[in-house]
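Notes to accompany the following structure.
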Amino acid sequence: MTRRARLAHWRVALLAGLVLGTVFGVVEGFSLFSVSLARDLGINRGDSSAMYSVYLLACAGWAPSAGRIVDRCGSRRVILTAFPLLATGLASCAAVVAPWQLYGVYVLLIGPATTALIVASQVMVTGHYEVDRGKALGLAFACVGVGNLLLFSLLGIVVQGAGWRSAYLVAAAVGILVGIGFQRTERTEVAAAVAPGAEGEELASSPRAPFRRPAFWFLALTAIAAGVLDFVVFQHMVPYLLTVGYTESGASFMLGLASVGYFAGQLGTGVLSDRVGREPLALTAALLYALGLALLWQLPPTWAVGGVAVTLGVAIGGAIGCRSAAMGDLFAGAGLGRVVGLIQIAATVGAASATWLGGLVFDRTGGYGLTFSVATGCAGVMAVALWLAAPRTVRHQRAETVTDAPVAVI
């Protein structure tokens with residue numbers, strides 16, 4: 001395959017990665033704003049964490065509608081509509097003077113925009129690839145690591161030098177530029193290359209069809225646990241590091257290193273999980289996460305924390321990569337947008353719980369020990385639940401069906 005052919009093959013995954021990297025880079029960067037924001041608005045860390053948790057729960061409420069809209073209108077149209085809404089919401093945050101205003105902006109503007117962008121991007125990739133689904137999703141979500149590294153570093157510098165309000169304006173400008181770039185690059189609707197099988201036809205015909213399959217509930221549990229793993233690190237590592245003596249820019253750099261690890265975890269998992277299966281790699285990610293979190297908790301401020309941050313990023317990237325690819329294995333076909341929206345609810349519940357718990361535990365105990373312990377337990381739950389969902393069995397059944405299909409003789 002020539003270089004041009006390879007680029008054309010992975011074009012959809014790269015475009016989805018551009019969207020995902022921007023969304024997570026500007027929105028998960030809330031932890032960079034939270035300390036100075038809480039100080040200026042006169043609230044404590046628990047209140048600022050609760051604010052972000054409410055936003056995440058609002059995203060869960062928006063997710064089913066986002067899935068149905070993507071199924072009906074297509075990923076491209078949804079993405080082009082959602083980027084201006086996201087930029088408007090981020091710019092509005094720079095003007096708030098009271099906590100309730102920030103609640104309103106996150107719930108009514110940023111929430112629906114980010115949910116639509118995430119769901120549309122996942123559907124765009126999952127529906128377009130079948131044989132290389134793990135690699136494609138790994139490539140798309142690896143771009144989250146790149147986006148986080150670049151945007152966390154940029155926003156951290158702006159917060160420290162010019163304040164959190166200016167950082168929100170910079171984030172809004174990034175959203176506008178990326179939306180324009182997507183529009184100029186992707187001028188045609190991305191068509192799903194995967195033909196709907198029996199599962200897809202059932203999902204398209206009945207809104208309750210996913211709930212009848214045990215695999216859906218195990219996958220939802222996997223998403224909840226993976227959401228906890230993700231947000232314990234990406235929402236609480238910066239406040240934790242500030243507590244133990246790091247500067248804002250130093251903590252932002254460590255979070256950027258975690259993003260580098262996330263990139264490697266997503267990309268590596270995408271390549272390997274197509275060969276060895278999603279379940280073994282999810283178990284490996286869980287063990288790596290538990291080790292990384294224990295080291296982060298015990299190590300004093302030292303250069304070794306950078307290695308721990310990378311390790312945690314690799315584990316999170318692996319866990320989310322396996323979960324996303326498994327969703328395509330189990331539910332590819334018509335109605336995929338609805339399933340992605342429903343699973344997004346589960347992932348958001350886990351993320352919101354982790355965000356709220358970390359702030360509450362810090363206010364009550366002055367530390368993050370209990371939060372890290374809960375996250376370690378969730379790593380085990382994630383690995384077991386994905387194994388019970390059995391995406392490997394489904395992939396083998398589909399492969400056997402293709403192999404046994406009659407071949408027309410011309």
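Starting from 1 in every chain, residues are counted up; chains themselves are A, B, ... following the order of the structure tokens, and ligands are numbered from 1 as listed.
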
Can you list every residue of stretch 72-189 of chain A that has an atom at most 12 Å from stretch 230-247 of chain A, with its nearest atom pair and the distance in Å to one decimal, using only C-alpha atoms, ordered by chain then number, as a Markdown table?
| residue | atom | partner | partner_atom | distance |
| --- | --- | --- | --- | --- |
| A:Gly145 | CA | A:Phe234 | CA | 11.2 |
| A:Asn148 | CA | A:Phe234 | CA | 9.7 |
| A:Leu149 | CA | A:Phe234 | CA | 11.6 |
| A:Phe152 | CA | A:Phe234 | CA | 10.4 |
| A:Gly156 | CA | A:Thr247 | CA | 10.4 |
| A:Ile157 | CA | A:Thr247 | CA | 11.1 |
| A:Val159 | CA | A:Thr247 | CA | 11.8 |
| A:Gln160 | CA | A:Thr247 | CA | 9.3 |

Spatial neighbours of A:Val228, 8 Å, only C-alpha atoms, chain gap at least 5 places, as a compact mmCIF listing (two decimals) with all heavy atoms, in the first residue's frame:
# COMPACT_ATOMS: atom_id res chain seq x y z
N GLY A 350 -19.50 7.22 35.44
CA GLY A 350 -18.23 6.91 36.09
C GLY A 350 -17.34 8.12 36.23
O GLY A 350 -16.73 8.35 37.29
N ALA A 351 -17.26 8.93 35.17
CA ALA A 351 -16.43 10.13 35.20
C ALA A 351 -16.94 11.12 36.24
O ALA A 351 -16.16 11.72 37.01
CB ALA A 351 -16.40 10.77 33.82
N ALA A 352 -18.27 11.32 36.28
CA ALA A 352 -18.86 12.27 37.24
C ALA A 352 -18.63 11.80 38.67
O ALA A 352 -18.32 12.60 39.57
CB ALA A 352 -20.35 12.44 36.95
N SER A 353 -18.78 10.50 38.89
CA SER A 353 -18.58 9.96 40.24
C SER A 353 -17.15 10.17 40.70
O SER A 353 -16.90 10.55 41.85
CB SER A 353 -18.91 8.46 40.25
OG SER A 353 -20.25 8.23 39.87
N ALA A 354 -16.19 9.93 39.80
CA ALA A 354 -14.78 10.12 40.16
C ALA A 354 -14.47 11.58 40.44
O ALA A 354 -13.74 11.90 41.39
CB ALA A 354 -13.89 9.60 39.02
N ALA A 375 -10.39 3.92 42.89
CA ALA A 375 -10.02 3.80 41.48
C ALA A 375 -9.30 2.48 41.21
O ALA A 375 -9.52 1.84 40.16
CB ALA A 375 -9.13 4.97 41.07
N CYS A 378 -11.87 -0.15 40.89
CA CYS A 378 -12.59 -0.03 39.61
C CYS A 378 -11.78 -0.60 38.45
O CYS A 378 -12.35 -1.07 37.46
CB CYS A 378 -12.94 1.43 39.35
SG CYS A 378 -14.28 2.06 40.38

Q. Can you tell me, as a ChimeraX atom specification, what residues are no more than 10 Å from A:Gly61 when counting only C-alpha atoms, ignoring any on the same chain fewer than 5 positions away?
A. /A:55-56,66,107,111-112,115,341-342,344-345,348

Q: List every residue of stretch 178-360 of chain A that DSSP, applied to the backbone of this structure, assigns to alpha helix (DSSP H), and report them as a PyMOL selection string.
A: chain A and resi 178-185+198-205+214-243+248-276+278-298+304-331+336-360

Q | Polymer residues at most 7 Å from stretch 364-374 of chain A, only C-alpha atoms, same-chain spacing of 5 or more positions, as a ChimeraX atom specification | A | /A:293,357-358

Take the selection from the previous step and output its residues with N, CA, C and O atoms, as a tab-separated table (two decimals), in the first residue's frame.
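Written file, again17.tsv:
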chain	number	residue	atom	x	y	z
A	293	LEU	N	-0.92	4.06	40.12
A	293	LEU	CA	-1.60	4.86	41.14
A	293	LEU	C	-0.94	4.69	42.50
A	293	LEU	O	-0.81	5.65	43.28
A	357	LEU	N	-16.18	12.49	43.82
A	357	LEU	CA	-15.57	11.81	44.96
A	357	LEU	C	-14.24	12.43	45.34
A	357	LEU	O	-13.95	12.64	46.53
A	358	GLY	N	-13.41	12.75	44.34
A	358	GLY	CA	-12.10	13.30	44.65
A	358	GLY	C	-12.18	14.61	45.40
A	358	GLY	O	-11.45	14.82	46.38

**Q.** For atom CA of A:Gly21 and atom CA of A:Leu137, the interatomic separation in Å (one decimal)
**A.**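 Interatomic distance here is 12.7 Å.
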
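The shortest atom-to-atom distance to A:Ala82, with only C-alpha atoms taken into account, belongs to A:Ile69 out of A:Ala140, A:Ile69, A:Leu267, A:Ala251.
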
(Q) Need the shell around A:Val170: protein/DNA/RNA residues with any atom at most 9 Å away, counting only C-alpha atoms. Skip same-chain ones fewer than 5 positions apart. Format as a PyMOL selection string? (A) chain A and resi 90-91+154-155+158+165+175

Would you put the residues from that selection into a file with C-alpha atoms, as a PDB file, in the first residue's frame?
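Okay, again37.pdb is ready:
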ATOM      1  CA  LEU A  90     -16.160  28.239  26.377  1.00  0.00           C
ATOM      2  CA  ALA A  91     -16.096  31.954  25.591  1.00  0.00           C
ATOM      3  CA  LEU A 154      -0.971  25.775  26.476  1.00  0.00           C
ATOM      4  CA  LEU A 155      -3.855  26.320  28.883  1.00  0.00           C
ATOM      5  CA  VAL A 158      -2.179  30.871  30.069  1.00  0.00           C
ATOM      6  CA  ARG A 165     -10.702  33.687  32.137  1.00  0.00           C
ATOM      7  CA  GLY A 175     -12.569  25.231  19.062  1.00  0.00           C
TER       8      GLY A 175
END

Q | Long-range neighbours of A:Asp71 as a list of chain:residue names, 9 Å cut-off, only C-alpha atoms, 6 positions minimum in chain | A | A:Ala120, A:Val123, A:Ala334, A:Gly335, A:Leu336, A:Gly337, A:Arg338

Could you save those same residues with C-alpha atoms as a PDB file, in the first residue's frame?
ATOM      1  CA  ALA A 120     -20.423  11.494  16.377  1.00  0.00           C
ATOM      2  CA  VAL A 123     -19.759   6.421  15.354  1.00  0.00           C
ATOM      3  CA  ALA A 334     -27.515   0.128  12.062  1.00  0.00           C
ATOM      4  CA  GLY A 335     -28.460   1.746  15.344  1.00  0.00           C
ATOM      5  CA  LEU A 336     -24.818   2.057  16.434  1.00  0.00           C
ATOM      6  CA  GLY A 337     -25.300   5.720  17.312  1.00  0.00           C
ATOM      7  CA  ARG A 338     -28.000   4.807  19.820  1.00  0.00           C
TER       8      ARG A 338
END

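Nearest to A:Met327 of all the residues A:Gly181, A:Gly227, A:Pro391, A:Gly261 is A:Pro391, based on only C-alpha atoms.
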
Q. Could you state the separation of atom CA of A:Leu255 and atom CA of A:Gly313 in Å, given to one decimal place?
A.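 Calculated distance between atom CA of A:Leu255 and atom CA of A:Gly313 is 8.9 Å.
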
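Among the candidates A:Ala60, A:Leu287, A:Val54, A:Leu117, the one nearest to A:Gly179 when counting only C-alpha atoms is A:Leu117.
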